[in-house]
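Student: Take a look at upload.cif, mmCIF, C-alpha atoms and all ligand atoms; chains and numbers go by the auth columns:
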data_model
loop_
_atom_site.group_PDB
_atom_site.id
_atom_site.type_symbol
_atom_site.label_atom_id
_atom_site.label_comp_id
_atom_site.label_asym_id
_atom_site.label_seq_id
_atom_site.Cartn_x
_atom_site.Cartn_y
_atom_site.Cartn_z
_atom_site.B_iso_or_equiv
_atom_site.auth_seq_id
_atom_site.auth_asym_id
ATOM 1 C CA MET A 1 135.535 80.551 139.886 0.00 1 R
ATOM 2 C CA LYS A 2 136.584 79.228 136.540 0.00 2 R
ATOM 3 C CA THR A 3 134.650 78.556 133.340 0.00 3 R
ATOM 4 C CA CYS A 4 135.007 75.092 131.844 0.00 4 R
ATOM 5 C CA ILE A 5 135.872 75.201 128.126 0.00 5 R
ATOM 6 C CA SER A 6 133.736 72.124 127.454 0.00 6 R
ATOM 7 C CA CYS A 7 130.425 72.751 129.198 0.00 7 R
ATOM 8 C CA LYS A 8 130.948 76.566 129.478 0.00 8 R
ATOM 9 C CA ILE A 9 129.720 76.507 133.072 0.00 9 R
ATOM 10 C CA ALA A 10 131.478 78.602 135.696 0.00 10 R
ATOM 11 C CA LYS A 11 132.466 76.378 138.588 0.00 11 R
ATOM 12 C CA SER A 12 134.603 76.615 141.676 0.00 12 R
ATOM 13 C CA THR A 13 138.236 75.650 141.127 0.00 13 R
ATOM 14 C CA LYS A 14 137.532 72.566 143.252 0.00 14 R
ATOM 15 C CA SER A 15 135.814 71.144 140.161 0.00 15 R
ATOM 16 C CA PHE A 16 139.042 71.341 138.162 0.00 16 R
ATOM 17 C CA THR A 17 142.140 69.185 138.371 0.00 17 R
ATOM 18 C CA PRO A 18 145.221 71.254 139.233 0.00 18 R
ATOM 19 C CA LYS A 19 147.937 70.975 136.596 0.00 19 R
ATOM 20 C CA LYS A 20 151.325 72.397 137.540 0.00 20 R
ATOM 21 C CA SER A 21 150.667 76.137 137.939 0.00 21 R
ATOM 22 C CA ARG A 22 147.204 76.151 136.357 0.00 22 R
ATOM 23 C CA PHE A 23 144.018 74.150 136.260 0.00 23 R
ATOM 24 C CA ASP A 24 142.786 71.740 133.666 0.00 24 R
ATOM 25 C CA PRO A 25 140.695 73.773 131.151 0.00 25 R
ATOM 26 C CA SER A 26 137.816 71.246 131.433 0.00 26 R
ATOM 27 C CA CYS A 27 136.007 70.505 134.678 0.00 27 R
ATOM 28 C CA LYS A 28 136.241 67.066 136.288 0.00 28 R
ATOM 29 C CA PRO A 29 132.828 65.794 135.054 0.00 29 R
ATOM 30 C CA CYS A 30 133.690 66.884 131.480 0.00 30 R
ATOM 31 C CA ARG A 31 137.108 65.253 131.793 0.00 31 R
ATOM 32 C CA ALA A 32 135.490 62.006 132.905 0.00 32 R
ATOM 33 C CA VAL A 33 133.184 62.024 129.876 0.00 33 R
ATOM 34 C CA GLN A 34 136.099 62.773 127.551 0.00 34 R
ATOM 35 C CA ALA A 35 138.226 60.040 129.110 0.00 35 R
ATOM 36 C CA LYS A 36 135.423 57.514 128.748 0.00 36 R
ATOM 37 C CA LYS A 37 134.928 58.468 125.100 0.00 37 R
ATOM 38 C CA TYR A 38 138.673 58.270 124.489 0.00 38 R
ATOM 39 C CA ARG A 39 138.925 54.805 126.104 0.00 39 R
ATOM 40 C CA LYS A 40 136.011 53.592 123.995 0.00 40 R
ATOM 41 C CA GLU A 41 137.438 54.944 120.737 0.00 41 R
ATOM 42 C CA ASN A 42 141.039 53.880 121.374 0.00 42 R
ATOM 43 C CA ARG A 43 140.436 50.570 123.076 0.00 43 R
ATOM 44 C CA ASP A 44 142.893 48.542 120.950 0.00 44 R
ATOM 45 C CA GLN A 45 145.642 51.131 121.222 0.00 45 R
ATOM 46 C CA ILE A 46 145.246 51.360 124.998 0.00 46 R
ATOM 47 C CA LEU A 47 145.322 47.589 125.359 0.00 47 R
ATOM 48 C CA LEU A 48 148.435 47.404 123.188 0.00 48 R
ATOM 49 C CA ARG A 49 150.158 50.095 125.259 0.00 49 R
ATOM 50 C CA LYS A 50 149.222 48.303 128.471 0.00 50 R
ATOM 51 C CA ARG A 51 150.650 45.067 127.102 0.00 51 R
ATOM 52 C CA GLN A 52 153.890 46.834 126.132 0.00 52 R
ATOM 53 C CA MET A 53 154.160 48.401 129.591 0.00 53 R
ATOM 54 C CA TYR A 54 153.560 45.010 131.141 0.00 54 R
ATOM 55 C CA ALA A 55 156.243 43.389 128.973 0.00 55 R
ATOM 56 C CA LYS A 56 158.723 46.051 130.068 0.00 56 R
ATOM 57 C CA ASN A 57 158.177 45.532 133.779 0.00 57 R
ATOM 58 C CA PRO A 58 156.013 42.517 134.613 0.00 58 R
ATOM 59 C CA THR A 59 156.980 42.450 138.304 0.00 59 R
ATOM 60 C CA LYS A 60 155.629 45.922 138.884 0.00 60 R
ATOM 61 C CA TYR A 61 152.244 45.005 137.416 0.00 61 R
ATOM 62 C CA LYS A 62 152.050 41.681 139.187 0.00 62 R
ATOM 63 C CA LEU A 63 152.742 43.471 142.455 0.00 63 R
ATOM 64 C CA SER A 64 150.044 46.038 141.814 0.00 64 R
ATOM 65 C CA VAL A 65 147.575 43.259 140.973 0.00 65 R
ATOM 66 C CA SER A 66 148.357 41.303 144.124 0.00 66 R
ATOM 67 C CA LYS A 67 148.054 44.508 146.138 0.00 67 R
ATOM 68 C CA TYR A 68 144.641 45.140 144.568 0.00 68 R
ATOM 69 C CA VAL A 69 143.526 41.578 145.306 0.00 69 R
ATOM 70 C CA LYS A 70 144.632 41.948 148.916 0.00 70 R
ATOM 71 C CA ASN A 71 142.912 45.306 149.419 0.00 71 R
ATOM 72 C CA ASN A 72 139.703 44.542 147.515 0.00 72 R
ATOM 73 C CA PRO A 73 138.666 40.976 148.320 0.00 73 R
ATOM 74 C CA ASN A 74 134.995 41.758 147.701 0.00 74 R
ATOM 75 C CA MET A 75 135.678 43.256 144.278 0.00 75 R
ATOM 76 C CA VAL A 76 137.710 40.195 143.336 0.00 76 R
ATOM 77 C CA LYS A 77 134.896 37.949 144.526 0.00 77 R
ATOM 78 C CA ALA A 78 132.425 39.944 142.440 0.00 78 R
ATOM 79 C CA PHE A 79 134.656 39.771 139.335 0.00 79 R
ATOM 80 C CA ASN A 80 135.014 36.018 139.713 0.00 80 R
ATOM 81 C CA ALA A 81 131.287 35.555 140.148 0.00 81 R
ATOM 82 C CA ILE A 82 130.646 37.513 136.946 0.00 82 R
ATOM 83 C CA ARG A 83 133.216 35.454 135.077 0.00 83 R
ATOM 84 C CA HIS A 84 131.823 32.145 136.314 0.00 84 R
ATOM 85 C CA LYS A 85 128.312 33.195 135.439 0.00 85 R
ATOM 86 C CA ARG A 86 129.392 34.167 131.935 0.00 86 R
ATOM 87 C CA VAL A 87 131.161 30.834 131.387 0.00 87 R
ATOM 88 C CA ARG A 88 128.146 28.936 132.674 0.00 88 R
ATOM 89 C CA ASN A 89 125.763 30.872 130.439 0.00 89 R
ATOM 90 C CA GLN A 90 127.968 30.289 127.404 0.00 90 R
ATOM 91 C CA THR A 91 128.144 26.582 128.147 0.00 91 R
ATOM 92 C CA LEU A 92 124.380 26.325 128.497 0.00 92 R
ATOM 93 C CA HIS A 93 123.988 28.342 125.314 0.00 93 R
ATOM 94 C CA LEU A 94 126.320 25.976 123.424 0.00 94 R
ATOM 95 C CA PHE A 95 124.415 22.954 124.756 0.00 95 R
ATOM 96 C CA SER A 96 121.065 24.351 123.752 0.00 96 R
ATOM 97 C CA GLU A 97 122.419 25.166 120.270 0.00 97 R
ATOM 98 C CA GLY A 98 123.682 21.572 119.934 0.00 98 R
ATOM 99 C CA ILE A 99 120.341 20.218 121.092 0.00 99 R
ATOM 100 C CA LYS A 100 118.466 22.446 118.655 0.00 100 R
ATOM 101 C CA ILE A 101 120.655 21.175 115.798 0.00 101 R
ATOM 102 C CA PHE A 102 120.152 17.569 116.913 0.00 102 R
ATOM 103 C CA TYR A 103 116.373 17.979 116.786 0.00 103 R
ATOM 104 C CA ARG A 104 116.513 19.902 113.494 0.00 104 R
ATOM 105 C CA GLU A 105 118.644 17.227 111.789 0.00 105 R
ATOM 106 C CA ARG A 106 116.388 14.413 112.976 0.00 106 R
ATOM 107 C CA PRO A 107 115.798 11.997 110.100 0.00 107 R
ATOM 108 C CA LYS A 108 112.168 11.608 109.086 0.00 108 R
ATOM 109 C CA GLY A 109 110.311 9.090 111.213 0.00 109 R
ATOM 110 C CA MET A 110 113.035 8.871 113.861 0.00 110 R
ATOM 111 C CA HIS A 111 112.565 9.778 117.495 0.00 111 R
ATOM 112 C CA VAL A 112 115.002 11.764 119.607 0.00 112 R
ATOM 113 C CA ASP A 113 115.844 9.763 122.692 0.00 113 R
ATOM 114 C CA HIS A 114 117.856 10.431 125.838 0.00 114 R
ATOM 115 C CA ILE A 115 120.456 7.672 126.056 0.00 115 R
ATOM 116 C CA ILE A 116 120.295 7.888 129.827 0.00 116 R
ATOM 117 C CA PRO A 117 116.718 8.854 130.765 0.00 117 R
ATOM 118 C CA LEU A 118 116.272 12.253 132.368 0.00 118 R
ATOM 119 C CA ASN A 119 114.214 10.900 135.250 0.00 119 R
ATOM 120 C CA GLY A 120 115.487 7.364 135.718 0.00 120 R
ATOM 121 C CA LYS A 121 115.114 5.746 139.092 0.00 121 R
ATOM 122 C CA ASN A 122 118.792 4.947 139.630 0.00 122 R
ATOM 123 C CA VAL A 123 120.426 7.162 137.026 0.00 123 R
ATOM 124 C CA SER A 124 119.459 10.571 135.819 0.00 124 R
ATOM 125 C CA GLY A 125 120.665 11.728 132.401 0.00 125 R
ATOM 126 C CA LEU A 126 121.238 15.267 131.281 0.00 126 R
ATOM 127 C CA HIS A 127 119.542 17.245 128.553 0.00 127 R
ATOM 128 C CA VAL A 128 122.851 17.712 126.707 0.00 128 R
ATOM 129 C CA PRO A 129 123.787 16.943 123.090 0.00 129 R
ATOM 130 C CA TRP A 130 125.897 13.851 123.891 0.00 130 R
ATOM 131 C CA ASN A 131 123.030 12.234 125.753 0.00 131 R
ATOM 132 C CA LEU A 132 120.831 12.283 122.650 0.00 132 R
ATOM 133 C CA GLN A 133 120.381 9.631 120.001 0.00 133 R
ATOM 134 C CA TYR A 134 117.999 8.899 117.140 0.00 134 R
ATOM 135 C CA LEU A 135 115.819 5.853 117.509 0.00 135 R
ATOM 136 C CA THR A 136 113.142 4.417 115.293 0.00 136 R
ATOM 137 C CA PRO A 137 109.731 4.513 116.991 0.00 137 R
ATOM 138 C CA ARG A 138 110.009 0.715 117.410 0.00 138 R
ATOM 139 C CA GLU A 139 113.427 0.899 119.121 0.00 139 R
ATOM 140 C CA ASN A 140 112.167 3.750 121.239 0.00 140 R
ATOM 141 C CA SER A 141 109.174 1.840 122.572 0.00 141 R
ATOM 142 C CA LYS A 142 111.375 -1.223 123.173 0.00 142 R
ATOM 143 C CA LYS A 143 113.791 0.935 125.118 0.00 143 R
ATOM 144 C CA SER A 144 111.156 2.595 127.269 0.00 144 R
ATOM 145 C CA ASN A 145 109.834 -0.884 128.090 0.00 145 R
ATOM 146 C CA LYS A 146 113.294 -1.926 129.126 0.00 146 R
ATOM 147 C CA TRP A 147 113.731 1.103 131.355 0.00 147 R
ATOM 148 C CA SER A 148 110.302 0.676 132.897 0.00 148 R
ATOM 149 C CA GLN A 149 111.169 -2.986 133.597 0.00 149 R
ATOM 150 C CA ASN A 150 114.310 -1.886 135.345 0.00 150 R
ATOM 151 C CA GLU A 151 112.524 0.639 137.463 0.00 151 R
HETATM 152 ZN ZN ZN B . 132.665 71.081 132.172 0.00 1 V
#
Output the structure of this file as structure tokens.
Tutor:
Amino acid sequence: MKTCISCKIAKSTKSFTPKKSRFDPSCKPCRAVQAKKYRKENRDQILLRKRQMYAKNPTKYKLSVSKYVKNNPNMVKAFNAIRHKRVRNQTLHLFSEGIKIFYRERPKGMHVDHIIPLNGKNVSGLHVPWNLQYLTPRENSKKSNKWSQNE
């Protein structure tokens, strides 16, 4: 048994990482917490060091990445899915911001119109900033007549 200097709990030596002739003074769970805290507090420094290591020996890192990709296809798939989802969400967020601004900046008395109607018979427009325009109420009613004639 050995007492961890961090949590002061006596644990079997299995809970400690062997270091040369002795054991780590902190148990594995405490080490994990410390490592997490360290990574959080020294994020920039760690990234910089990683980049320097990579610059020194890019082939080694590329090899380890391709090995990881080969051995963990499901993890890679999951990472990609997360990335795609994030990109998609950001895009939608940017669109909705643009749309909000378009409506907010609407001149008095003007209508916001979809250049290509959202539910046209032959074409279907998108609710995106570049499919919006300002029309006077008169132009707007003329346009909806035109579209209804076409349909
Ligand atoms: Zn501990």
Student: Need the shell around Ser6 in chain R: protein/DNA/RNA residues with any atom at most 10 Å away, counting all atoms listed in the file. Skip same-chain ones fewer than 2 positions apart. Format as a PDB file with C-alpha atoms, keeping the file's coordinate frame?
Tutor:
ATOM      1  CA  THR R   3     134.650  78.556 133.340  1.00  0.00           C
ATOM      2  CA  CYS R   4     135.007  75.092 131.844  1.00  0.00           C
ATOM      3  CA  LYS R   8     130.948  76.566 129.478  1.00  0.00           C
ATOM      4  CA  ILE R   9     129.720  76.507 133.072  1.00  0.00           C
ATOM      5  CA  PRO R  25     140.695  73.773 131.151  1.00  0.00           C
ATOM      6  CA  SER R  26     137.816  71.246 131.433  1.00  0.00           C
ATOM      7  CA  CYS R  27     136.007  70.505 134.678  1.00  0.00           C
ATOM      8  CA  PRO R  29     132.828  65.794 135.054  1.00  0.00           C
ATOM      9  CA  CYS R  30     133.690  66.884 131.480  1.00  0.00           C
ATOM     10  CA  ARG R  31     137.108  65.253 131.793  1.00  0.00           C
ATOM     11  CA  GLN R  34     136.099  62.773 127.551  1.00  0.00           C
TER      12      GLN R  34
END
Student: Selected by the PyMOL selection byres (((chain R and resi 98-110) around 9) and not hetatm) in the shown coordinates: which residues, as a count of residues only?
Tutor: 17
Student: For a quick check of understanding, using only C-alpha atoms, which of R:Gln52, R:Val65, R:Leu118, R:Asp113 has the smallest distance to Lys142 in chain R?
Tutor: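 Selected residue with least distance to Lys142 in chain R: R:Asp113.
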Student: Give me, please, the distance in Å between CA of Ser15 in chain R and CA of Arg43 in chain R, quoted to one decimal.
Tutor: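 Taking CA of Ser15 in chain R as the start and CA of Arg43 in chain R as the end point, the length is 27.1 Å.
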Student: So which one's closest to ligand ZN 1 (chain V), R:Met1, R:Val33, R:Leu92, R:Ala55? Using only C-alpha atoms and all ligand atoms, please.
Tutor: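 When distances to ligand ZN 1 (chain V) are compared using only C-alpha atoms and all ligand atoms, the smallest one comes from R:Val33.
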Student: When you count all atoms listed in the file, which of these residues is closest to Asn119 in chain R: R:Ser144, R:Pro58, R:Ala81, R:Val87?
Tutor: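 Closest residue, counting all atoms listed in the file: R:Ser144.
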Student: Using Å and a single decimal, report how far CA of His114 in chain R sits from CA of Asn140 in chain R.
Tutor: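 Distance between the two atoms: 9.9 Å.
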Student: Mind pulling up the distance from CA of Phe79 in chain R to CA of Gln45 in chain R?
Tutor: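 According to the coordinates, CA of Gln45 in chain R and CA of Phe79 in chain R are separated by 24.0 Å.
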Student: Env of range 115-117 of chain R: 8 Å cut, atoms = all atoms listed in the file, seq-sep filter 4 positions within chain, self excluded. Answer as a list in words.
Tutor: Val123, Ser124, Gly125, Leu126, Asn131, Leu132 and Gln133 of chain R
